[in-house]
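Undergrad: Sharing run.txt (compact mmCIF, C-alpha atoms) below.
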```txt
# COMPACT_ATOMS: atom_id res chain seq x y z
CA MET A 12 0.00 0.00 0.00
CA SER A 13 1.64 3.19 -1.13
CA ASN A 14 -0.65 5.73 0.48
CA SER A 15 -1.17 6.66 4.13
CA LYS A 16 -4.74 5.37 4.48
CA VAL A 17 -5.67 2.16 6.26
CA GLN A 18 -8.82 0.12 5.66
CA VAL A 19 -9.60 -1.37 9.06
CA SER A 20 -11.94 -4.00 7.59
CA LYS A 21 -8.99 -5.46 5.68
CA LEU A 22 -6.40 -4.90 8.40
CA LEU A 23 -8.29 -6.72 11.19
CA PRO A 24 -8.48 -10.22 9.63
CA VAL A 25 -4.80 -9.94 8.67
CA MET A 26 -3.96 -8.96 12.24
CA LEU A 27 -5.98 -11.96 13.47
CA SER A 28 -3.68 -14.15 11.41
CA PHE A 29 -0.82 -12.94 13.62
CA VAL A 30 -2.81 -14.06 16.68
CA ILE A 31 -3.15 -17.46 15.01
CA MET A 32 0.53 -17.37 14.06
CA GLY A 33 1.35 -17.02 17.76
CA PHE A 34 -0.32 -20.34 18.56
CA VAL A 35 2.89 -22.11 17.54
CA ASP A 36 4.60 -20.79 20.68
CA ILE A 37 2.52 -23.20 22.75
CA ILE A 38 5.13 -25.81 21.80
CA GLY A 39 7.29 -24.68 24.74
CA THR A 40 4.61 -25.41 27.33
CA ALA A 41 3.46 -28.50 25.42
CA THR A 42 7.01 -29.84 25.28
CA ASN A 43 7.35 -29.52 29.06
CA HIS A 44 4.05 -31.38 29.59
CA ILE A 45 4.98 -34.09 27.08
CA GLN A 46 8.41 -34.51 28.68
CA GLU A 47 6.72 -35.08 32.03
CA ASP A 48 3.96 -37.32 30.62
CA PHE A 49 6.36 -39.61 28.71
CA GLN A 50 9.48 -39.23 30.92
CA LEU A 51 11.82 -37.91 28.21
CA ASN A 52 15.32 -36.55 28.84
CA ASP A 53 16.41 -32.96 28.05
CA PHE A 54 18.04 -33.88 24.71
CA ILE A 55 15.39 -36.22 23.25
CA VAL A 56 12.50 -33.90 24.06
CA GLN A 57 14.07 -31.13 21.92
CA PHE A 58 13.23 -33.18 18.81
CA LEU A 59 9.55 -32.27 19.37
CA PRO A 60 9.96 -28.51 18.73
CA MET A 61 12.38 -29.50 15.98
CA MET A 62 9.48 -31.32 14.25
CA VAL A 63 7.62 -28.01 14.20
CA LEU A 64 10.39 -25.67 13.19
CA LEU A 65 12.27 -27.85 10.73
CA TRP A 66 9.47 -27.17 8.25
CA PHE A 67 10.36 -23.52 8.16
CA PHE A 68 13.66 -24.58 6.59
CA ILE A 69 12.11 -27.14 4.24
CA LEU A 70 9.04 -25.19 3.12
CA GLY A 71 9.98 -21.52 3.53
CA VAL A 72 11.22 -21.02 -0.03
CA PRO A 73 8.73 -23.43 -1.73
CA ALA A 74 5.86 -21.68 0.07
CA GLY A 75 7.08 -18.31 -1.19
CA ILE A 76 7.24 -19.66 -4.76
CA ILE A 77 3.75 -21.22 -4.60
CA GLN A 78 2.45 -18.02 -3.02
CA ASP A 79 3.69 -16.09 -6.05
CA LYS A 80 1.23 -18.17 -8.09
CA LEU A 81 -1.72 -18.70 -5.73
CA GLY A 82 -1.68 -15.39 -3.90
CA LYS A 83 -0.97 -14.42 -0.30
CA ARG A 84 -4.53 -14.63 1.05
CA ASN A 85 -5.15 -18.10 -0.41
CA MET A 86 -1.87 -19.41 1.02
CA LEU A 87 -2.62 -17.87 4.40
CA ASN A 88 -5.99 -19.66 4.53
CA ILE A 89 -4.35 -22.97 3.61
CA GLY A 90 -1.83 -22.50 6.43
CA MET A 91 -4.48 -21.75 9.05
CA ILE A 92 -6.53 -24.82 8.06
CA LEU A 93 -3.50 -27.15 8.17
CA GLN A 94 -2.54 -25.77 11.57
CA ALA A 95 -6.07 -26.42 12.86
CA VAL A 96 -5.86 -30.06 11.73
CA GLY A 97 -2.54 -30.49 13.53
CA LEU A 98 -3.94 -29.00 16.72
CA GLY A 99 -6.81 -31.49 16.60
CA LEU A 100 -4.70 -34.68 16.36
CA PRO A 101 -4.02 -35.06 20.13
CA PHE A 102 -7.75 -35.50 20.63
CA VAL A 103 -7.77 -38.45 18.23
CA HIS A 104 -5.14 -40.27 20.30
CA TYR A 105 -2.64 -38.95 22.83
CA SER A 106 0.70 -40.67 22.37
CA PHE A 107 4.29 -39.62 21.78
CA GLY A 108 4.00 -40.65 18.12
CA MET A 109 0.75 -38.74 17.61
CA MET A 110 2.30 -35.63 19.17
CA PHE A 111 5.09 -35.90 16.59
CA ALA A 112 2.44 -35.93 13.85
CA SER A 113 0.60 -33.05 15.50
CA PHE A 114 3.77 -30.96 15.74
CA ILE A 115 4.64 -31.70 12.10
CA LEU A 116 1.28 -30.42 10.82
CA LEU A 117 1.48 -27.47 13.19
CA GLY A 118 4.90 -26.68 11.73
CA ILE A 119 3.76 -26.99 8.10
CA GLY A 120 0.69 -24.82 8.68
CA ASN A 121 2.53 -22.18 10.67
CA THR A 122 5.32 -22.00 8.08
CA ILE A 123 2.77 -21.11 5.41
CA ILE A 124 1.08 -18.61 7.74
CA GLN A 125 4.35 -16.79 8.41
CA VAL A 126 5.38 -16.74 4.75
CA SER A 127 2.01 -15.25 3.78
CA ALA A 128 1.01 -12.99 6.68
CA ASN A 129 3.98 -10.62 6.64
CA PRO A 130 3.84 -9.62 2.94
CA LEU A 131 0.01 -9.52 3.10
CA LEU A 132 0.34 -7.06 5.97
CA GLN A 133 2.53 -5.00 3.66
CA ASP A 134 -0.39 -4.85 1.20
CA VAL A 135 -2.82 -3.44 3.79
CA SER A 136 -0.35 -1.09 5.56
CA PRO A 137 0.88 2.42 4.71
CA SER A 138 4.38 2.03 3.27
CA ASP A 139 5.91 4.57 5.67
CA LYS A 140 4.53 2.73 8.70
CA LEU A 141 5.58 -0.82 7.85
CA ALA A 142 8.16 -1.20 10.66
CA SER A 143 5.65 0.13 13.21
CA TYR A 144 2.88 -2.13 11.86
CA MET A 145 5.25 -5.10 11.93
CA SER A 146 5.93 -4.42 15.61
CA THR A 147 2.20 -4.05 16.25
CA SER A 148 1.52 -7.42 14.59
CA GLN A 149 4.29 -9.04 16.60
CA PHE A 150 2.88 -7.39 19.73
CA VAL A 151 -0.45 -9.09 18.99
CA LYS A 152 1.41 -12.38 18.45
CA ALA A 153 3.33 -11.93 21.71
CA ILE A 154 0.12 -11.52 23.71
CA VAL A 155 -0.91 -14.99 22.55
CA SER A 156 2.54 -16.36 23.39
CA THR A 157 2.28 -14.90 26.89
CA LEU A 158 -1.20 -16.27 27.49
CA GLY A 159 -0.45 -19.75 26.11
CA PRO A 160 1.15 -21.23 29.26
CA ILE A 161 -1.51 -19.56 31.41
CA ILE A 162 -4.35 -21.03 29.31
CA ALA A 163 -2.72 -24.48 29.40
CA THR A 164 -2.36 -24.28 33.19
CA PHE A 165 -5.99 -23.15 33.52
CA MET A 166 -7.18 -26.06 31.38
CA ALA A 167 -5.12 -28.51 33.41
CA THR A 168 -6.33 -27.11 36.72
CA GLN A 169 -10.00 -26.60 35.88
CA PHE A 170 -10.64 -29.45 33.45
CA GLY A 171 -7.76 -31.84 34.10
CA ASP A 172 -6.39 -31.68 30.56
CA TRP A 173 -3.76 -29.16 29.42
CA LYS A 174 -4.35 -30.24 25.80
CA LEU A 175 -7.66 -28.35 25.71
CA VAL A 176 -5.62 -25.28 24.82
CA PHE A 177 -5.05 -27.04 21.46
CA ALA A 178 -8.83 -27.18 20.95
CA VAL A 179 -9.21 -23.44 21.59
CA TYR A 180 -6.38 -22.67 19.19
CA GLY A 181 -7.66 -25.04 16.50
CA ILE A 182 -11.17 -23.59 16.46
CA THR A 183 -9.79 -20.04 16.35
CA SER A 184 -7.57 -20.99 13.38
CA LEU A 185 -10.61 -22.20 11.44
CA LEU A 186 -12.60 -19.06 12.26
CA GLY A 187 -9.67 -16.90 11.16
CA ALA A 188 -9.50 -18.70 7.81
CA LEU A 189 -13.26 -18.19 7.34
CA TRP A 190 -13.06 -14.45 8.08
CA LEU A 191 -10.08 -13.87 5.79
CA SER A 192 -11.70 -15.84 2.95
CA MET A 193 -14.68 -13.43 3.12
CA THR A 194 -12.44 -10.32 3.04
CA PRO A 195 -11.51 -8.93 -0.42
CA ILE A 196 -7.89 -7.73 -0.54
CA VAL A 197 -6.12 -6.31 -3.58
CA GLU A 198 -2.65 -7.87 -3.50
CA SER A 199 0.44 -6.25 -4.98
CA LYS A 200 1.71 -8.05 -8.07
CA PRO A 201 5.33 -7.27 -8.99
CA ASP A 202 6.14 -6.68 -12.66
CA ARG A 203 8.54 -9.60 -13.08
CA LYS A 204 8.64 -13.32 -13.75
CA VAL A 205 7.08 -15.70 -11.24
CA ALA A 206 9.48 -16.60 -8.44
CA SER A 207 11.59 -19.77 -8.69
CA PHE A 208 14.05 -21.63 -6.48
CA GLY A 209 16.88 -19.99 -8.39
CA SER A 210 15.52 -16.46 -7.93
CA CYS A 211 14.88 -17.03 -4.22
CA LEU A 212 18.19 -18.65 -3.32
CA GLY A 213 20.02 -16.22 -5.61
CA LEU A 214 19.06 -13.44 -3.19
CA LEU A 215 21.48 -14.95 -0.66
CA LYS A 216 24.31 -13.69 -2.87
CA ASN A 217 23.31 -10.26 -1.62
CA GLY A 218 25.27 -9.82 1.62
CA PHE A 219 22.56 -7.71 3.22
CA VAL A 220 19.88 -10.35 2.61
CA ALA A 221 22.20 -13.14 3.81
CA PHE A 222 22.95 -11.32 7.07
CA MET A 223 19.24 -10.66 7.60
CA ALA A 224 18.42 -14.34 7.04
CA LEU A 225 21.05 -15.51 9.55
CA SER A 226 19.77 -12.92 12.01
CA ILE A 227 16.25 -14.34 11.78
CA PHE A 228 17.73 -17.86 12.21
CA LEU A 229 19.37 -16.84 15.50
CA ILE A 230 16.56 -14.62 16.79
CA VAL A 231 13.88 -17.28 16.42
CA GLY A 232 16.34 -19.88 17.70
CA THR A 233 16.80 -17.76 20.81
CA GLU A 234 13.05 -17.37 21.33
CA VAL A 235 12.34 -21.09 21.05
CA ALA A 236 15.44 -22.05 23.07
CA ILE A 237 14.29 -19.89 25.97
CA ASN A 238 10.74 -21.18 25.55
CA THR A 239 11.80 -24.83 25.76
CA ASN A 240 14.91 -24.67 27.96
CA ILE A 241 14.55 -21.87 30.50
CA VAL A 242 12.74 -24.13 32.98
CA ASN A 243 15.69 -26.54 32.97
CA VAL A 244 18.13 -23.63 33.31
CA LEU A 245 16.35 -22.29 36.39
CA VAL A 246 15.86 -25.69 37.96
CA GLY A 247 19.51 -26.53 37.35
CA LYS A 248 20.61 -23.25 38.94
CA TYR A 249 18.38 -23.29 42.01
CA ALA A 250 17.82 -26.98 42.80
CA GLY A 251 19.94 -28.00 45.77
CA GLY A 252 20.09 -31.63 44.71
CA HIS A 253 18.29 -32.98 47.75
CA GLU A 254 14.71 -32.12 46.84
CA SER A 255 12.00 -34.76 46.93
CA VAL A 256 9.96 -35.62 43.84
CA ALA A 257 7.14 -33.38 45.10
CA GLU A 258 9.52 -30.50 45.80
CA MET A 259 11.08 -30.81 42.33
CA ALA A 260 7.60 -30.72 40.77
CA VAL A 261 6.83 -27.48 42.64
CA LEU A 262 10.20 -26.03 41.61
CA ARG A 263 9.55 -26.84 37.95
CA LYS A 264 6.09 -25.26 38.09
CA THR A 265 7.57 -22.13 39.66
CA ALA A 266 10.36 -22.01 37.07
CA ALA A 267 7.76 -22.34 34.28
CA TRP A 268 6.72 -18.76 35.03
CA GLY A 269 9.98 -17.83 33.33
CA ILE A 270 8.37 -18.72 29.98
CA SER A 271 5.44 -16.38 30.55
CA LEU A 272 7.74 -13.61 31.80
CA PHE A 273 9.88 -13.90 28.68
CA PHE A 274 6.83 -13.57 26.45
CA LEU A 275 5.50 -10.78 28.68
CA GLY A 276 8.77 -8.95 28.06
CA GLU A 277 8.33 -9.48 24.31
CA THR A 278 4.74 -8.26 24.51
CA ILE A 279 5.71 -5.05 26.32
CA SER A 280 8.65 -4.60 23.96
CA ARG A 281 6.52 -4.86 20.83
CA PHE A 282 3.86 -2.53 22.20
CA LEU A 283 6.50 0.08 23.00
CA GLY A 284 8.32 -0.65 19.76
CA ALA A 285 5.24 0.10 17.68
CA ILE A 286 5.28 3.58 19.24
CA ILE A 287 9.03 4.19 19.47
CA LEU A 288 9.66 3.18 15.86
CA ASN A 289 7.61 6.18 14.77
CA TRP A 290 10.38 8.35 16.24
CA ILE A 291 13.61 6.30 16.15
CA LYS A 292 15.14 4.74 13.06
CA PRO A 293 14.95 0.92 13.12
CA ARG A 294 18.73 0.43 12.74
CA ILE A 295 19.49 2.56 15.83
CA PHE A 296 16.75 0.84 17.85
CA LEU A 297 18.27 -2.53 16.91
CA ILE A 298 21.56 -1.58 18.57
CA LEU A 299 19.81 -0.55 21.79
CA ILE A 300 17.72 -3.71 22.13
CA SER A 301 20.71 -5.95 21.31
CA VAL A 302 22.63 -4.48 24.25
CA LEU A 303 19.55 -4.83 26.46
CA SER A 304 19.15 -8.52 25.63
CA LEU A 305 22.81 -9.23 26.45
CA CYS A 306 22.35 -7.57 29.84
CA GLY A 307 19.43 -9.91 30.49
CA VAL A 308 21.47 -13.02 29.59
CA LEU A 309 24.23 -11.94 31.98
CA GLY A 310 21.58 -11.27 34.62
CA VAL A 311 20.26 -14.85 34.45
CA PHE A 312 23.78 -16.23 34.87
CA VAL A 313 24.70 -14.14 37.95
CA SER A 314 21.25 -13.89 39.56
CA PRO A 315 21.34 -14.79 43.26
CA SER A 316 17.66 -15.79 43.42
CA MET A 317 14.81 -17.03 41.26
CA THR A 318 13.14 -13.62 41.56
CA VAL A 319 16.17 -11.82 40.14
CA ALA A 320 16.42 -14.44 37.40
CA PHE A 321 12.77 -13.80 36.50
CA ALA A 322 13.56 -10.08 36.19
CA ALA A 323 16.54 -10.87 33.93
CA ILE A 324 14.38 -13.12 31.73
CA LEU A 325 11.89 -10.27 31.41
CA VAL A 326 14.77 -8.04 30.29
CA ILE A 327 15.80 -10.59 27.64
CA GLY A 328 12.22 -10.53 26.34
CA LEU A 329 12.26 -6.72 26.27
CA GLY A 330 15.38 -6.87 24.11
CA VAL A 331 14.49 -9.74 21.80
CA GLY A 332 10.88 -8.69 21.25
CA ASN A 333 11.43 -6.20 18.43
CA MET A 334 14.33 -7.93 16.68
CA PHE A 335 12.21 -10.06 14.34
CA PRO A 336 9.91 -7.27 13.07
CA ILE A 337 12.82 -4.84 12.64
CA ILE A 338 14.95 -7.31 10.68
CA PHE A 339 11.94 -8.36 8.58
CA SER A 340 10.92 -4.78 7.78
CA LEU A 341 14.51 -3.77 6.92
CA ALA A 342 14.73 -6.68 4.49
CA LEU A 343 11.35 -5.96 2.84
CA ASP A 344 12.15 -2.26 2.60
CA LYS A 345 15.42 -3.08 0.87
CA MET A 346 13.69 -5.00 -1.96
CA PRO A 347 9.90 -4.50 -1.80
CA GLU A 348 9.50 -5.85 -5.34
CA ARG A 349 10.90 -9.22 -4.16
CA SER A 350 8.70 -9.45 -1.05
CA ASN A 351 7.45 -13.01 -1.67
CA GLU A 352 10.96 -14.34 -2.25
CA ILE A 353 12.49 -12.47 0.67
CA SER A 354 9.62 -13.55 2.91
CA GLY A 355 10.21 -17.16 1.88
CA LEU A 356 13.92 -16.90 2.64
CA LEU A 357 13.42 -15.24 6.00
CA ILE A 358 10.75 -17.71 7.03
CA MET A 359 13.09 -20.52 5.97
CA ALA A 360 15.50 -18.98 8.47
CA VAL A 361 12.86 -19.41 11.19
CA SER A 362 14.15 -23.01 11.20
CA GLY A 363 16.71 -21.66 13.65
CA GLY A 364 14.00 -22.47 16.17
CA ALA A 365 14.62 -26.15 15.41
CA PHE A 366 18.40 -26.09 15.70
CA ILE A 367 19.37 -23.58 18.41
CA PRO A 368 17.23 -25.31 21.11
CA LEU A 369 18.87 -28.60 20.12
CA VAL A 370 22.30 -27.02 20.62
CA MET A 371 21.17 -25.57 23.93
CA GLY A 372 19.77 -28.95 25.01
CA TYR A 373 23.07 -30.65 24.12
CA VAL A 374 25.11 -28.06 26.04
CA SER A 375 22.73 -28.48 28.99
CA SER A 376 23.17 -32.26 29.01
CA ALA A 377 26.94 -32.10 28.49
CA PHE A 378 27.99 -29.12 30.63
CA GLY A 379 25.00 -28.31 32.84
CA PRO A 380 21.77 -26.33 32.38
CA LEU A 381 23.18 -22.98 33.53
CA THR A 382 26.04 -23.13 31.00
CA SER A 383 23.52 -23.48 28.17
CA ILE A 384 22.41 -19.85 28.66
CA PHE A 385 25.62 -18.85 26.87
CA VAL A 386 24.15 -20.26 23.65
CA VAL A 387 21.57 -17.47 23.87
CA GLY A 388 24.33 -14.98 24.66
CA GLY A 389 26.25 -15.99 21.52
CA CYS A 390 23.17 -15.44 19.35
CA MET A 391 22.63 -11.99 20.82
CA LEU A 392 26.28 -11.01 20.27
CA TYR A 393 25.81 -11.73 16.56
CA ILE A 394 22.67 -9.56 16.42
CA LEU A 395 24.62 -6.75 18.08
CA TRP A 396 27.28 -7.04 15.39
CA VAL A 397 24.65 -7.09 12.64
CA SER A 398 22.99 -4.00 14.10
CA PHE A 399 26.21 -2.06 13.51
CA PHE A 400 26.53 -3.55 10.02
CA VAL A 401 22.96 -2.51 9.19
CA ARG A 402 23.58 0.99 10.50
CA LYS A 403 26.71 1.31 8.35
CA SER A 404 24.97 -0.20 5.32
CA GLN A 405 21.93 2.04 5.59
CA ALA A 406 24.07 5.13 6.13
CA ALA A 407 26.19 4.41 3.06
```
Let me see the file written as structure tokens.
TA:
Amino acid sequence: MSNSKVQVSKLLPVMLSFVIMGFVDIIGTATNHIQEDFQLNDFIVQFLPMMVLLWFFILGVPAGIIQDKLGKRNMLNIGMILQAVGLGLPFVHYSFGMMFASFILLGIGNTIIQVSANPLLQDVSPSDKLASYMSTSQFVKAIVSTLGPIIATFMATQFGDWKLVFAVYGITSLLGALWLSMTPIVESKPDRKVASFGSCLGLLKNGFVAFMALSIFLIVGTEVAINTNIVNVLVGKYAGGHESVAEMAVLRKTAAWGISLFFLGETISRFLGAIILNWIKPRIFLILISVLSLCGVLGVFVSPSMTVAFAAILVIGLGVGNMFPIIFSLALDKMPERSNEISGLLIMAVSGGAFIPLVMGYVSSAFGPLTSIFVVGGCMLYILWVSFFVRKSQAA
């Protein structure tokens, strides 16, 4: 959209797709429940979120190519329907194998949603407000991520089944697809040949695009790693080693609040980012939040109590929260005529959420849970470096 006007009737169903996009973050809470239900160790259980996020690597580029032919809205509807099917599988039969199948479909559907939703948002947003609108959409997504563990706990407490959160999410996904299918949206159509594997992957020869893709890989990897590993980090740091089974269960439930606090930090960050980015250039803001996230990582490592660690996790969320929308908007702004291809590449990079938690899980098993927090620190150091590269590149 090249003008400054916004049609709310078109914006709202697209924004709802970001709510539905956020449903994938329930995998952190679900992974913890599945680990407890099936008695899995820290390393093996990380293959569950990997089954979700590996599809971002496999299908990111193909989805962008198909989207160039079918259109963004059609692809987005397909993604929401596939995600709903995946969320319904645990109610057919609850087993470790069925959860693998559920996570696979959830990953396929969410990959398509993320490839389609971001460039479709570009079509219904004023061009000069894209970074702010990206942060707003991620703010909406973060609210869902924050509420996910709370909803799951409520379902477990009130109805004796944490999986009921999957039912709520699945029904909402179907309703979102219905609403979007009834909303007419004029999509931008670039004046060029239809995208291909060659044209998509060829973009990686551009250093700027390559750095942005690796940044997304590490940012999403950090988000999922904290989502799926922070409980083990906190338990490893504060367990004395002499707790009973009941005491360890209480400690794990207390530590699980770290997940919600991280997403709360992201939620606050994206809300503030949507406002601040109207006044501060994205490249400068990226430097500030990179430093903030590193302070949070250090805070978790040196924290003398669980309460201080919770505060540090909140700080990490405040820093990480705006990294994804800023990187995404910078990349789309660089080559708006290649939005489908760039979106496919960047969503392929979301597969970092499959690999970084696996690395963190391995470090946790090999060197101890607390040591694994340095995996997050390494990712954030790279983003800090990239933020200076982006500033230099944009200033040139």
Undergrad: Please determine, counting all atoms listed in the file, which residue among A:Ala266, A:Leu229, A:Ile161, A:Ala260 has the shortest atom-to-atom distance to A:Val370.
TA: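 Nearest to A:Val370: A:Leu229.
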Undergrad: With distances taken over only C-alpha atoms, which of A:Gly39, A:Ser127, A:Ile119, A:Pro24 is nearest to A:Ile270?
TA: A:Gly39
Undergrad: Determine, for each residue of stretch 135-238 of chain A having at least one atom at most 12 Å from an atom of stretch 356-369 of chain A, the closest pair of atoms and their separation in Å to one decimal, counting all atoms listed in the file; order by chain and ascending number, as a tab-separated table.
TA:
```
residue	atom	partner	partner_atom	distance
A:Ala206	CA	A:Leu356	CA	11.9
A:Ser207	CA	A:Leu356	CA	11.9
A:Phe208	CA	A:Leu356	CA	10.3
A:Gly209	CA	A:Leu356	CA	11.8
A:Ser210	CA	A:Leu356	CA	10.7
A:Cys211	CA	A:Leu356	CA	6.9
A:Leu212	CA	A:Leu356	CA	7.5
A:Gly213	CA	A:Leu356	CA	10.3
A:Leu214	CA	A:Leu356	CA	8.5
A:Leu215	CA	A:Leu356	CA	8.5
A:Val220	CA	A:Leu357	CA	8.8
A:Ala221	CA	A:Leu356	CA	9.2
A:Phe222	CA	A:Leu357	CA	10.4
A:Met223	CA	A:Leu357	CA	7.6
A:Ala224	CA	A:Leu357	CA	5.2
A:Leu225	CA	A:Ala360	CA	6.6
A:Ser226	CA	A:Ala360	CA	8.2
A:Ile227	CA	A:Ala360	CA	5.7
A:Phe228	CA	A:Gly363	CA	4.2
A:Leu229	CA	A:Gly363	CA	5.8
A:Ile230	CA	A:Gly363	CA	7.7
A:Val231	CA	A:Gly364	CA	5.2
A:Gly232	CA	A:Gly364	CA	3.8
A:Thr233	CA	A:Ile367	CA	6.8
A:Glu234	CA	A:Gly364	CA	7.3
A:Val235	CA	A:Gly364	CA	5.3
A:Ala236	CA	A:Pro368	CA	4.2
A:Ile237	CA	A:Pro368	CA	7.9
A:Asn238	CA	A:Pro368	CA	8.9
```
Undergrad: Quick one: residues within 12 Å of A:Val103, all atoms listed in the file, excluding same-chain residues fewer than 4 positions away - as a count of residues only?
TA: 11
Undergrad: Quick one: distance from atom CA of A:Lys21 to atom CA of A:Thr194 in Å, one decimal?
TA: 6.5 Å
Undergrad: Go through A:Trp66, A:Tyr249, A:Phe399, A:Tyr373 and flag the residue nearest A:Ser314, using all atoms listed in the file for the distances.
TA: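 When distances to A:Ser314 are compared using all atoms listed in the file, the smallest one comes from A:Tyr249.
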Undergrad: With distances taken over all atoms listed in the file, which of A:Leu272, A:Leu131, A:Leu116, A:Ile279 is nearest to A:Leu65?
TA: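 Comparing A:Leu272, A:Leu131, A:Leu116, A:Ile279 against A:Leu65, the winner is A:Leu116.
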Undergrad: Can you work out the spacing between atom CA of A:Phe54 and atom CA of A:Gly372 in Å, to one decimal?
TA: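 Straight-line distance from atom CA of A:Phe54 to atom CA of A:Gly372 works out to 5.2 Å.
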Undergrad: Could you give me, as a VMD selection string, the residues within 12 Å of A:Phe400, counting only C-alpha atoms and dropping anything in the same chain fewer than 5 positions from it?
TA: chain A and resid 218 to 219 222 to 223 226 294 to 295 297 to 298 393 to 395 405 to 407
Undergrad: For stretch 149-151 of chain A, find every residue with an atom within 6 Å (counting only C-alpha atoms), except residues of its own chain fewer than 6 positions away, and show them as a PyMOL selection string.
TA: chain A and resi 30+278+281-282
Undergrad: Could you tell me which of A:Ser143, A:Phe273, A:Ile123, A:Ile31 comes closest to A:Trp290 if we count only C-alpha atoms?
TA: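 Between A:Ser143, A:Phe273, A:Ile123, A:Ile31, the residue approaching A:Trp290 most closely is A:Ser143.
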